[in-house]
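Shown below: input38.cif, with mmCIF, C-alpha atoms.
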```cif
data_target
#
loop_
_atom_site.label_atom_id
_atom_site.label_comp_id
_atom_site.auth_asym_id
_atom_site.auth_seq_id
_atom_site.Cartn_x
_atom_site.Cartn_y
_atom_site.Cartn_z
CA MET A 1 72.39 23.38 83.32
CA THR A 2 71.40 25.50 86.29
CA ASN A 3 72.54 29.06 85.66
CA ILE A 4 73.54 31.28 88.56
CA LEU A 5 74.28 35.00 88.45
CA VAL A 6 77.14 36.31 90.56
CA VAL A 7 77.43 40.06 91.11
CA ASP A 8 80.54 41.43 92.83
CA ASP A 9 82.64 44.42 91.84
CA GLU A 10 85.82 42.51 92.59
CA VAL A 11 86.81 40.55 89.50
CA GLY A 12 88.90 38.18 91.60
CA VAL A 13 86.01 37.42 93.93
CA CYS A 14 83.74 36.75 90.94
CA CYS A 15 86.36 34.36 89.54
CA VAL A 16 86.69 32.49 92.82
CA ILE A 17 82.93 32.10 93.27
CA GLN A 18 82.55 31.12 89.62
CA HIS A 19 85.23 28.48 89.98
CA LEU A 20 83.66 27.07 93.13
CA LEU A 21 80.18 26.89 91.60
CA VAL A 22 81.31 25.52 88.24
CA ARG A 23 83.07 22.77 90.17
CA GLU A 24 79.66 21.95 91.68
CA GLY A 25 78.16 21.62 88.22
CA TYR A 26 76.47 25.01 87.87
CA ALA A 27 76.72 27.37 84.94
CA VAL A 28 77.76 30.80 86.18
CA THR A 29 77.40 34.30 84.78
CA THR A 30 79.54 36.92 86.52
CA VAL A 31 78.93 40.66 86.48
CA THR A 32 81.05 43.31 88.22
CA ASP A 33 78.73 46.24 87.65
CA GLY A 34 75.32 46.90 89.23
CA ARG A 35 73.75 48.28 86.06
CA LEU A 36 74.88 45.30 84.01
CA ALA A 37 73.56 43.04 86.74
CA MET A 38 70.10 44.58 86.46
CA ASP A 39 70.26 44.21 82.67
CA ALA A 40 71.27 40.57 83.03
CA VAL A 41 68.41 39.83 85.44
CA ALA A 42 65.90 41.49 83.13
CA ARG A 43 67.24 39.64 80.10
CA ASP A 44 68.07 36.14 81.34
CA ASP A 45 66.38 33.60 83.55
CA PHE A 46 68.68 32.63 86.43
CA ALA A 47 68.02 29.89 88.96
CA ALA A 48 69.51 32.14 91.65
CA ALA A 49 71.58 35.29 92.05
CA LEU A 50 74.39 36.07 94.48
CA ILE A 51 74.70 39.82 94.89
CA ASP A 52 77.33 41.66 96.91
CA LEU A 53 75.97 44.57 98.92
CA ASN A 54 79.03 46.76 98.43
CA LEU A 55 79.23 47.39 94.72
CA ALA A 56 81.40 50.15 93.31
CA ASP A 57 78.93 51.78 90.94
CA MET A 58 75.73 51.52 92.94
CA ASP A 59 74.23 50.27 96.18
CA GLY A 60 73.88 46.49 96.15
CA ASN A 61 70.54 46.90 97.95
CA ASP A 62 69.19 48.72 94.90
CA VAL A 63 70.33 45.90 92.63
CA ILE A 64 68.62 43.38 94.92
CA ARG A 65 65.39 45.38 94.94
CA ALA A 66 65.48 45.68 91.15
CA ALA A 67 66.21 41.97 90.78
CA ARG A 68 63.36 41.16 93.16
CA ALA A 69 61.01 43.36 91.13
CA ALA A 70 62.07 41.83 87.82
CA ARG A 71 62.14 38.22 89.04
CA PRO A 72 59.88 37.84 92.09
CA ASN A 73 60.52 34.10 92.43
CA MET A 74 64.27 34.07 91.86
CA PRO A 75 66.19 33.23 95.05
CA ILE A 76 68.67 35.96 95.92
CA VAL A 77 71.71 35.61 98.13
CA MET A 78 72.98 38.89 99.52
CA MET A 79 76.70 38.74 100.24
CA SER A 80 78.40 40.97 102.77
CA GLY A 81 80.38 40.93 105.95
CA MET A 82 78.26 43.72 107.35
CA VAL A 83 75.17 41.60 108.00
CA LEU A 84 77.03 39.84 110.77
CA GLU A 85 77.24 43.08 112.70
CA SER A 86 73.50 43.45 112.83
CA ASP A 87 70.83 41.43 114.51
CA ARG A 88 68.35 42.54 111.90
CA GLY A 89 67.21 40.12 109.25
CA SER A 90 68.06 40.30 105.57
CA ALA A 91 64.74 41.81 104.63
CA GLU A 92 64.91 44.45 107.33
CA LEU A 93 68.39 45.44 106.20
CA LEU A 94 66.99 46.12 102.78
CA GLY A 95 63.92 47.90 104.03
CA LEU A 96 61.77 45.15 102.59
CA PRO A 97 58.84 43.40 104.24
CA ALA A 98 60.05 40.96 106.87
CA ARG A 99 58.56 37.97 105.07
CA ILE A 100 59.92 37.98 101.57
CA VAL A 101 60.33 35.34 98.96
CA GLY A 102 63.70 33.63 98.72
CA LEU A 103 66.07 36.15 100.22
CA HIS A 104 69.14 34.59 101.76
CA ARG A 105 72.41 35.88 103.07
CA LEU A 106 75.99 34.74 102.92
CA ALA A 107 78.46 36.32 105.31
CA LYS A 108 81.93 37.06 104.03
CA PRO A 109 84.44 35.58 104.33
CA PHE A 110 82.52 32.39 103.65
CA LYS A 111 83.83 28.85 103.47
CA PRO A 112 83.52 27.22 100.05
CA ARG A 113 81.54 24.33 101.49
CA ASP A 114 79.07 26.80 103.06
CA LEU A 115 78.50 28.34 99.64
CA SER A 116 77.97 24.90 98.11
CA GLN A 117 75.57 23.86 100.85
CA LEU A 118 73.60 27.09 100.63
CA MET A 119 73.16 26.77 96.88
CA ARG A 120 72.11 23.13 97.21
CA ASP A 121 69.57 24.07 99.90
CA ILE A 122 68.17 26.98 97.93
CA LEU A 123 67.84 25.07 94.69
CA ALA A 124 66.39 22.03 96.46
CA GLN A 125 63.74 24.30 97.98
CA GLU A 126 62.94 25.63 94.55
CA THR A 127 62.59 22.12 93.16
CA VAL A 128 60.35 20.92 95.93
CA CYS A 129 58.15 23.97 96.09
CA PRO A 130 58.51 26.33 93.18
CA ASP A 131 56.48 29.20 94.50
CA ALA A 132 57.74 28.67 97.89
CA ALA A 133 59.79 30.19 100.33
CA VAL A 134 57.46 32.68 101.73
CA MET A 135 60.15 32.86 104.26
CA THR A 136 63.47 34.45 104.92
CA ARG A 137 66.47 32.25 105.45
CA GLN A 138 68.51 33.82 108.23
CA MET B 1 88.82 19.84 97.96
CA PRO B 2 90.97 22.21 100.08
CA THR B 3 91.31 25.75 98.75
CA VAL B 4 94.70 27.45 98.63
CA LEU B 5 95.38 31.09 97.74
CA ILE B 6 98.79 32.05 96.38
CA ILE B 7 99.82 35.70 96.68
CA ASP B 8 102.96 36.40 94.69
CA ASP B 9 103.87 39.16 92.26
CA ASP B 10 106.00 36.79 90.18
CA SER B 11 103.81 35.20 87.52
CA ALA B 12 106.22 32.31 86.97
CA THR B 13 106.11 31.39 90.65
CA ARG B 14 102.31 31.65 90.69
CA ALA B 15 102.04 29.40 87.64
CA ALA B 16 104.50 26.84 89.02
CA LEU B 17 102.78 26.64 92.41
CA GLU B 18 99.37 26.47 90.77
CA THR B 19 100.43 23.54 88.58
CA LEU B 20 102.04 21.75 91.49
CA LEU B 21 99.14 22.16 93.91
CA LYS B 22 96.47 21.37 91.31
CA LYS B 23 98.26 18.08 90.61
CA LYS B 24 97.83 17.30 94.28
CA ARG B 25 94.10 17.97 94.03
CA PHE B 26 94.06 21.37 95.70
CA CYS B 27 91.69 24.05 94.47
CA VAL B 28 94.11 26.91 93.74
CA PHE B 29 93.45 30.63 93.42
CA LEU B 30 95.98 33.31 92.51
CA ALA B 31 96.54 36.92 93.47
CA PRO B 32 99.32 39.04 91.91
CA ASP B 33 99.64 41.44 94.84
CA GLY B 34 98.78 41.95 98.48
CA PRO B 35 95.68 44.14 98.07
CA THR B 36 94.11 41.68 95.60
CA GLY B 37 94.85 38.80 97.95
CA ILE B 38 93.37 40.66 100.90
CA ARG B 39 90.17 41.40 98.98
CA LEU B 40 89.82 37.70 98.17
CA ILE B 41 90.48 36.72 101.79
CA GLY B 42 87.76 39.18 102.78
CA SER B 43 85.28 37.24 100.68
CA VAL B 44 86.31 33.60 100.79
CA SER B 45 87.71 31.69 103.73
CA PHE B 46 90.64 29.74 102.26
CA ASP B 47 92.12 26.63 103.83
CA ALA B 48 95.66 27.96 103.39
CA VAL B 49 97.41 31.02 101.96
CA VAL B 50 100.92 31.13 100.50
CA ILE B 51 102.39 34.64 100.68
CA ASP B 52 105.53 35.99 99.04
CA MET B 53 107.43 38.33 101.34
CA PHE B 54 108.81 40.67 98.70
CA MET B 55 106.16 42.33 96.61
CA PRO B 56 105.94 45.92 95.37
CA GLY B 57 103.46 48.11 97.18
CA MET B 58 102.00 46.06 100.01
CA ASP B 59 104.76 43.63 101.03
CA GLY B 60 104.29 40.21 102.56
CA ILE B 61 104.42 41.37 106.18
CA ALA B 62 101.80 44.07 105.58
CA THR B 63 99.68 41.50 103.73
CA ILE B 64 99.95 39.08 106.66
CA ARG B 65 98.93 41.79 109.13
CA GLU B 66 95.81 42.55 107.07
CA LEU B 67 95.04 38.84 106.64
CA ILE B 68 95.16 38.31 110.41
CA LYS B 69 92.73 41.21 110.92
CA ILE B 70 90.23 39.72 108.46
CA ASP B 71 90.48 36.02 109.22
CA PRO B 72 92.83 34.92 112.01
CA THR B 73 91.91 31.27 111.51
CA VAL B 74 93.51 31.12 108.05
CA PRO B 75 96.94 29.46 108.20
CA PHE B 76 99.58 31.05 106.00
CA ILE B 77 102.95 30.05 104.62
CA ALA B 78 105.62 32.67 103.95
CA ILE B 79 107.92 32.29 100.96
CA SER B 80 110.84 34.51 100.08
CA GLY B 81 113.37 34.76 97.30
CA TYR B 82 115.95 36.56 99.40
CA ALA B 83 117.95 35.38 102.36
CA PHE B 84 117.85 38.52 104.44
CA THR B 85 118.84 36.79 107.61
CA ASP B 86 122.24 38.32 108.13
CA LYS B 87 121.59 40.64 111.04
CA THR B 88 125.21 41.84 110.97
CA GLN B 89 124.30 43.65 107.76
CA GLY B 90 121.22 45.17 109.32
CA ALA B 91 118.87 43.41 106.93
CA PRO B 92 115.56 42.32 108.41
CA ASP B 93 114.66 38.66 108.61
CA PHE B 94 111.28 38.72 106.88
CA LEU B 95 110.70 35.00 107.11
CA GLY B 96 111.46 35.14 110.81
CA MET B 97 109.03 38.05 111.15
CA ALA B 98 106.40 36.03 109.32
CA ILE B 99 106.88 33.13 111.73
CA LYS B 100 106.50 35.53 114.67
CA LEU B 101 103.24 36.73 113.12
CA GLY B 102 101.99 33.15 113.05
CA ALA B 103 103.13 31.62 109.74
CA THR B 104 102.85 27.85 109.91
CA ALA B 105 105.96 27.59 107.72
CA ALA B 106 108.53 29.82 106.06
CA LEU B 107 110.33 28.67 102.94
CA GLN B 108 113.33 30.18 101.22
CA LYS B 109 113.19 30.16 97.42
CA PRO B 110 114.20 28.03 95.69
CA PHE B 111 112.49 25.53 97.95
CA ASP B 112 111.96 21.82 97.59
CA ILE B 113 108.53 20.96 96.15
CA LEU B 114 108.05 18.36 98.85
CA ASP B 115 108.72 20.96 101.54
CA LEU B 116 105.98 23.17 100.13
CA LEU B 117 103.50 20.31 99.89
CA GLU B 118 104.30 19.32 103.45
CA ALA B 119 103.84 22.93 104.57
CA VAL B 120 100.46 23.21 102.81
CA ASP B 121 99.28 19.88 104.25
CA SER B 122 100.38 20.99 107.69
CA ALA B 123 98.63 24.37 107.30
CA ILE B 124 95.40 22.66 106.32
CA GLU B 125 95.63 20.40 109.36
CA VAL B 126 96.00 23.52 111.51
CA ARG B 127 92.96 25.00 109.79
CA GLN B 128 90.85 21.92 110.39
CA ARG B 129 91.86 21.86 114.05
CA LEU B 130 91.01 25.55 114.52
CA LEU B 131 87.63 25.11 112.85
CA HIS B 132 86.94 22.03 114.95
CA GLU B 133 87.82 23.92 118.12
CA ALA B 134 85.66 26.86 117.05
CA ARG B 135 82.69 24.50 116.67
CA GLN B 136 83.06 23.10 120.18
CA PRO B 137 80.39 24.31 122.63
CA GLY B 138 81.62 27.14 124.77
CA THR B 139 84.44 28.00 122.39
CA GLU B 140 84.32 31.51 121.03
CA SER B 141 84.12 31.45 117.25
CA THR B 142 86.66 33.57 115.43
CA SER B 143 84.83 33.52 112.13
CA VAL B 144 82.54 36.46 112.77
CA ARG B 145 84.16 39.63 111.61
CA LYS B 146 83.73 42.58 109.34
CA ALA B 147 84.53 42.05 105.70
CA SER B 148 83.56 43.20 102.24
#
```
In structure tokens, how does this file's structure come out?
Amino acid sequence: MTNILVVDDEVGVCCVIQHLLVREGYAVTTVTDGRLAMDAVARDDFAAALIDLNLADMDGNDVIRAARAARPNMPIVMMSGMVLESDRGSAELLGLPARIVGLHRLAKPFKPRDLSQLMRDILAQETVCPDAAVMTRQ
Amino acid sequence: MPTVLIIDDDSATRAALETLLKKKRFCVFLAPDGPTGIRLIGSVSFDAVVIDMFMPGMDGIATIRELIKIDPTVPFIAISGYAFTDKTQGAPDFLGMAIKLGATAALQKPFDILDLLEAVDSAIEVRQRLLHEARQPGTESTSVRKAS
């Protein structure tokens, strides 16, 4: 079963996202702590990771960079409401090269069907072209 | 499957509403207080929210005001266990206040199950209409706002 990592410091938000994704047939690992998230990424192979930018214990950007370093091909979805207030792309927000592998964004509050569609799109991309996505989904 | 958030400090009410709505094929999420509910609303756009008016800390009216700031397209239903409608006693009418703030329905506990289901169905219709209108060309979308 496709395993997805969800990182958000709000337990309730993790539970909601987990419920929505499990309903879609994914296996979900939730983590509410940035350090534990980095440990999980280093230890386990996830098909994708959803990471909130505003974590309590550390900057979500740092978790994303660490996850990118540990798993260069793993699609990452950065979750935040703040991205909507900027015209800059996901990569620019993180200070990463503009063209980066598999970095996506999901604006909060998101509709459940948008989450489902995004995950289907991301994982379909991975299936079709495993080393793909030398692109940024905006 | 429509998503419904229930914000109520009473665990028995949460459990009863969850059971009822799940039987009707709704995807139900629970929050035991206003701040928790508001954090969830800041992350996920629910199809309807049921809010108890009397909760310790952040009450239902304060919760509604925060909800509107985060996502004004989310329809909400106010529920209350107290009939504070007697203005001669100086007690505020919280359900009336909730309606003025935009509640699609206000139900006095104990309410009829069918009335709640009708209220949730109606709220989801409102939601679908608002989303449809927001998608029309030339209509300003209300879904872009600060969260998290």
Which residues of chain A come within 6 Å of chain B, and for each one, what is the closest pair of atoms and their distance in Å to one decimal, counting only C-alpha atoms, sorted by chain and residue number, as a Markdown table?
```
| residue | atom | partner | partner_atom | distance |
| --- | --- | --- | --- | --- |
| A:Val13 | CA | B:Leu40 | CA | 5.7 |
| A:Ser80 | CA | B:Ser148 | CA | 5.6 |
| A:Gly81 | CA | B:Ala147 | CA | 4.3 |
| A:Met82 | CA | B:Lys146 | CA | 5.9 |
| A:Lys108 | CA | B:Ser43 | CA | 4.7 |
| A:Pro109 | CA | B:Ser43 | CA | 4.1 |
| A:Phe110 | CA | B:Val44 | CA | 4.9 |
| A:Lys111 | CA | B:Ser45 | CA | 4.8 |
```
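Atom CA of Ile51 of chain B to atom CA of Ile7 of chain B spans 4.9 Å [interatomic distance, one decimal].
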Protein/DNA/RNA residues near (109.8, 37.2, 101.5), cut 8 Å, all atoms listed in the file, as a ChimeraX atom specification: /B:51-55,60,78-82,94-95,108
Expected selection from the PyMOL selection byres ((chain B and resi 128) around 12), given as JSON, numbers by chain: {"B": [2, 46, 47, 48, 73, 74, 75, 121, 122, 123, 124, 125, 126, 127, 129, 130, 131, 132, 133, 134, 135]}
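Between atom CA of Leu36 of chain A and atom CA of Val63 of chain A lies a distance of 9.8 Å.
Our summary of the geometry notes that atom CA of Ala56 of chain A is positioned 11.7 Å from atom CA of Val11 of chain A.
If you apply the PyMOL selection byres ((chain A and resi 119) around 10) to this structure, you end up with A:Ile4, A:Leu21, A:Glu24, A:Tyr26, A:Ala47, A:Ala48, A:Ala49, A:Leu50, A:Pro75, A:Val77, A:Arg113, A:Asp114, A:Leu115, A:Ser116, A:Gln117, A:Leu118, A:Arg120, A:Asp121, A:Ile122, A:Leu123, A:Ala124, A:Gln125.
Proximity to Asp59 of chain A was assessed for A:Arg35, A:His104, A:Arg23, A:Arg43 counting all atoms listed in the file; the smallest distance is recorded for A:Arg35.
Minimum atom-to-atom distances from B:Ile38, B:Ile77, B:Asp33, B:Lys23 to Gly57 of chain B were compared using only C-alpha atoms, and the lowest value belongs to B:Asp33.
Using only C-alpha atoms, the residues found no farther than 9 Å from Val41 of chain A, other than those of its own chain fewer than 5 positions away, are Leu5, Leu36, Phe46, Ala49, Ala66, Ala67, Ala70 and Arg71 of chain A.
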Nearby residues, (105.7, 29.3, 111.6) file frame, 10 Å, only C-alpha atoms, as a list in words: Pro75, Phe76, Ile77, Ala78, Leu95, Gly96, Met97, Ala98, Ile99, Lys100, Leu101, Gly102, Ala103, Thr104, Ala105, Ala106, Leu107, Ala119 and Ala123 of chain B
Hey, can you spit out that residue selection with C-alpha atoms as a PDB file, in the frame of the given file?
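Generated output (selection10.pdb):
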```
ATOM      1  CA  PRO B  75      96.940  29.460 108.200  1.00  0.00           C
ATOM      2  CA  PHE B  76      99.580  31.050 106.000  1.00  0.00           C
ATOM      3  CA  ILE B  77     102.950  30.050 104.620  1.00  0.00           C
ATOM      4  CA  ALA B  78     105.620  32.670 103.950  1.00  0.00           C
ATOM      5  CA  LEU B  95     110.700  35.000 107.110  1.00  0.00           C
ATOM      6  CA  GLY B  96     111.460  35.140 110.810  1.00  0.00           C
ATOM      7  CA  MET B  97     109.030  38.050 111.150  1.00  0.00           C
ATOM      8  CA  ALA B  98     106.400  36.030 109.320  1.00  0.00           C
ATOM      9  CA  ILE B  99     106.880  33.130 111.730  1.00  0.00           C
ATOM     10  CA  LYS B 100     106.500  35.530 114.670  1.00  0.00           C
ATOM     11  CA  LEU B 101     103.240  36.730 113.120  1.00  0.00           C
ATOM     12  CA  GLY B 102     101.990  33.150 113.050  1.00  0.00           C
ATOM     13  CA  ALA B 103     103.130  31.620 109.740  1.00  0.00           C
ATOM     14  CA  THR B 104     102.850  27.850 109.910  1.00  0.00           C
ATOM     15  CA  ALA B 105     105.960  27.590 107.720  1.00  0.00           C
ATOM     16  CA  ALA B 106     108.530  29.820 106.060  1.00  0.00           C
ATOM     17  CA  LEU B 107     110.330  28.670 102.940  1.00  0.00           C
ATOM     18  CA  ALA B 119     103.840  22.930 104.570  1.00  0.00           C
ATOM     19  CA  ALA B 123      98.630  24.370 107.300  1.00  0.00           C
TER      20      ALA B 123
END
```
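Closest to Arg65 of chain A among A:Asp44, A:Thr2, A:Val28, A:Ala37 is A:Ala37, based on all atoms listed in the file.
Closest approach to Asp8 of chain A among A:Asp33, A:Pro112, A:Met38, A:Ala107 is made by A:Asp33 (distances from only C-alpha atoms).
Using all atoms listed in the file, the protein and nucleic acid residues lying no more than 8 Å from Asp52 of chain A, apart from those fewer than 2 places from it along its own chain, are Val7, Asp8, Asp9, Leu50, Asn54, Leu55, Gly60, Met78, Met79 and Ser80 of chain A.
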Saved selection, atoms kept: C-alpha atoms, as an mmCIF file, in the coordinates of the input:
```
data_model
loop_
_atom_site.group_PDB
_atom_site.id
_atom_site.type_symbol
_atom_site.label_atom_id
_atom_site.label_comp_id
_atom_site.auth_asym_id
_atom_site.auth_seq_id
_atom_site.Cartn_x
_atom_site.Cartn_y
_atom_site.Cartn_z
ATOM 1 C CA VAL A 7 77.430 40.060 91.110
ATOM 2 C CA ASP A 8 80.540 41.430 92.830
ATOM 3 C CA ASP A 9 82.640 44.420 91.840
ATOM 4 C CA LEU A 50 74.390 36.070 94.480
ATOM 5 C CA ASN A 54 79.030 46.760 98.430
ATOM 6 C CA LEU A 55 79.230 47.390 94.720
ATOM 7 C CA GLY A 60 73.880 46.490 96.150
ATOM 8 C CA MET A 78 72.980 38.890 99.520
ATOM 9 C CA MET A 79 76.700 38.740 100.240
ATOM 10 C CA SER A 80 78.400 40.970 102.770
#
```
Final N, CA and C atoms of segment 57-78 of chain A as a PDB file, in the frame of the given file:
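As a result, part31.pdb now contains:
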```pdb
ATOM      1  N   ASP A  57      79.676  50.780  91.718  1.00  0.00           N
ATOM      2  CA  ASP A  57      78.930  51.780  90.940  1.00  0.00           C
ATOM      3  C   ASP A  57      77.569  52.116  91.535  1.00  0.00           C
ATOM      4  N   MET A  58      77.022  51.233  92.335  1.00  0.00           N
ATOM      5  CA  MET A  58      75.730  51.520  92.940  1.00  0.00           C
ATOM      6  C   MET A  58      75.521  50.645  94.172  1.00  0.00           C
ATOM      7  N   ASP A  59      74.528  51.009  94.947  1.00  0.00           N
ATOM      8  CA  ASP A  59      74.230  50.270  96.180  1.00  0.00           C
ATOM      9  C   ASP A  59      73.711  48.878  95.820  1.00  0.00           C
ATOM     10  N   GLY A  60      74.321  47.862  96.416  1.00  0.00           N
ATOM     11  CA  GLY A  60      73.880  46.490  96.150  1.00  0.00           C
ATOM     12  C   GLY A  60      72.421  46.272  96.529  1.00  0.00           C
ATOM     13  N   ASN A  61      71.954  47.006  97.550  1.00  0.00           N
ATOM     14  CA  ASN A  61      70.540  46.900  97.950  1.00  0.00           C
ATOM     15  C   ASN A  61      69.618  47.265  96.789  1.00  0.00           C
ATOM     16  N   ASP A  62      70.025  48.289  96.032  1.00  0.00           N
ATOM     17  CA  ASP A  62      69.190  48.720  94.900  1.00  0.00           C
ATOM     18  C   ASP A  62      69.146  47.642  93.817  1.00  0.00           C
ATOM     19  N   VAL A  63      70.294  46.980  93.627  1.00  0.00           N
ATOM     20  CA  VAL A  63      70.330  45.900  92.630  1.00  0.00           C
ATOM     21  C   VAL A  63      69.419  44.761  93.090  1.00  0.00           C
ATOM     22  N   ILE A  64      69.464  44.467  94.390  1.00  0.00           N
ATOM     23  CA  ILE A  64      68.620  43.380  94.920  1.00  0.00           C
ATOM     24  C   ILE A  64      67.144  43.733  94.769  1.00  0.00           C
ATOM     25  N   ARG A  65      66.805  44.966  95.089  1.00  0.00           N
ATOM     26  CA  ARG A  65      65.390  45.380  94.940  1.00  0.00           C
ATOM     27  C   ARG A  65      64.945  45.277  93.480  1.00  0.00           C
ATOM     28  N   ALA A  66      65.820  45.734  92.576  1.00  0.00           N
ATOM     29  CA  ALA A  66      65.480  45.680  91.150  1.00  0.00           C
ATOM     30  C   ALA A  66      65.349  44.234  90.678  1.00  0.00           C
ATOM     31  N   ALA A  67      66.255  43.391  91.166  1.00  0.00           N
ATOM     32  CA  ALA A  67      66.210  41.970  90.780  1.00  0.00           C
ATOM     33  C   ALA A  67      64.937  41.334  91.317  1.00  0.00           C
ATOM     34  N   ARG A  68      64.584  41.703  92.547  1.00  0.00           N
ATOM     35  CA  ARG A  68      63.360  41.160  93.160  1.00  0.00           C
ATOM     36  C   ARG A  68      62.125  41.586  92.361  1.00  0.00           C
ATOM     37  N   ALA A  69      62.146  42.855  91.906  1.00  0.00           N
ATOM     38  CA  ALA A  69      61.010  43.360  91.130  1.00  0.00           C
ATOM     39  C   ALA A  69      60.910  42.658  89.781  1.00  0.00           C
ATOM     40  N   ALA A  70      62.072  42.435  89.151  1.00  0.00           N
ATOM     41  CA  ALA A  70      62.070  41.830  87.820  1.00  0.00           C
ATOM     42  C   ALA A  70      61.789  40.332  87.881  1.00  0.00           C
ATOM     43  N   ARG A  71      62.290  39.678  88.919  1.00  0.00           N
ATOM     44  CA  ARG A  71      62.140  38.220  89.040  1.00  0.00           C
ATOM     45  C   ARG A  71      61.670  37.884  90.460  1.00  0.00           C
ATOM     46  N   PRO A  72      60.386  38.018  90.717  1.00  0.00           N
ATOM     47  CA  PRO A  72      59.880  37.840  92.090  1.00  0.00           C
ATOM     48  C   PRO A  72      60.177  36.482  92.700  1.00  0.00           C
ATOM     49  N   ASN A  73      60.319  35.446  91.880  1.00  0.00           N
ATOM     50  CA  ASN A  73      60.520  34.100  92.430  1.00  0.00           C
ATOM     51  C   ASN A  73      61.978  33.642  92.420  1.00  0.00           C
ATOM     52  N   MET A  74      62.868  34.496  91.935  1.00  0.00           N
ATOM     53  CA  MET A  74      64.270  34.070  91.860  1.00  0.00           C
ATOM     54  C   MET A  74      64.927  34.200  93.241  1.00  0.00           C
ATOM     55  N   PRO A  75      65.482  33.113  93.773  1.00  0.00           N
ATOM     56  CA  PRO A  75      66.190  33.230  95.050  1.00  0.00           C
ATOM     57  C   PRO A  75      67.383  34.169  94.923  1.00  0.00           C
ATOM     58  N   ILE A  76      67.549  35.013  95.922  1.00  0.00           N
ATOM     59  CA  ILE A  76      68.670  35.960  95.920  1.00  0.00           C
ATOM     60  C   ILE A  76      69.484  35.765  97.186  1.00  0.00           C
ATOM     61  N   VAL A  77      70.806  35.682  96.987  1.00  0.00           N
ATOM     62  CA  VAL A  77      71.710  35.610  98.130  1.00  0.00           C
ATOM     63  C   VAL A  77      72.450  36.922  98.223  1.00  0.00           C
ATOM     64  N   MET A  78      72.247  37.638  99.329  1.00  0.00           N
ATOM     65  CA  MET A  78      72.980  38.890  99.520  1.00  0.00           C
ATOM     66  C   MET A  78      74.273  38.568 100.244  1.00  0.00           C
TER      67      MET A  78
END
```
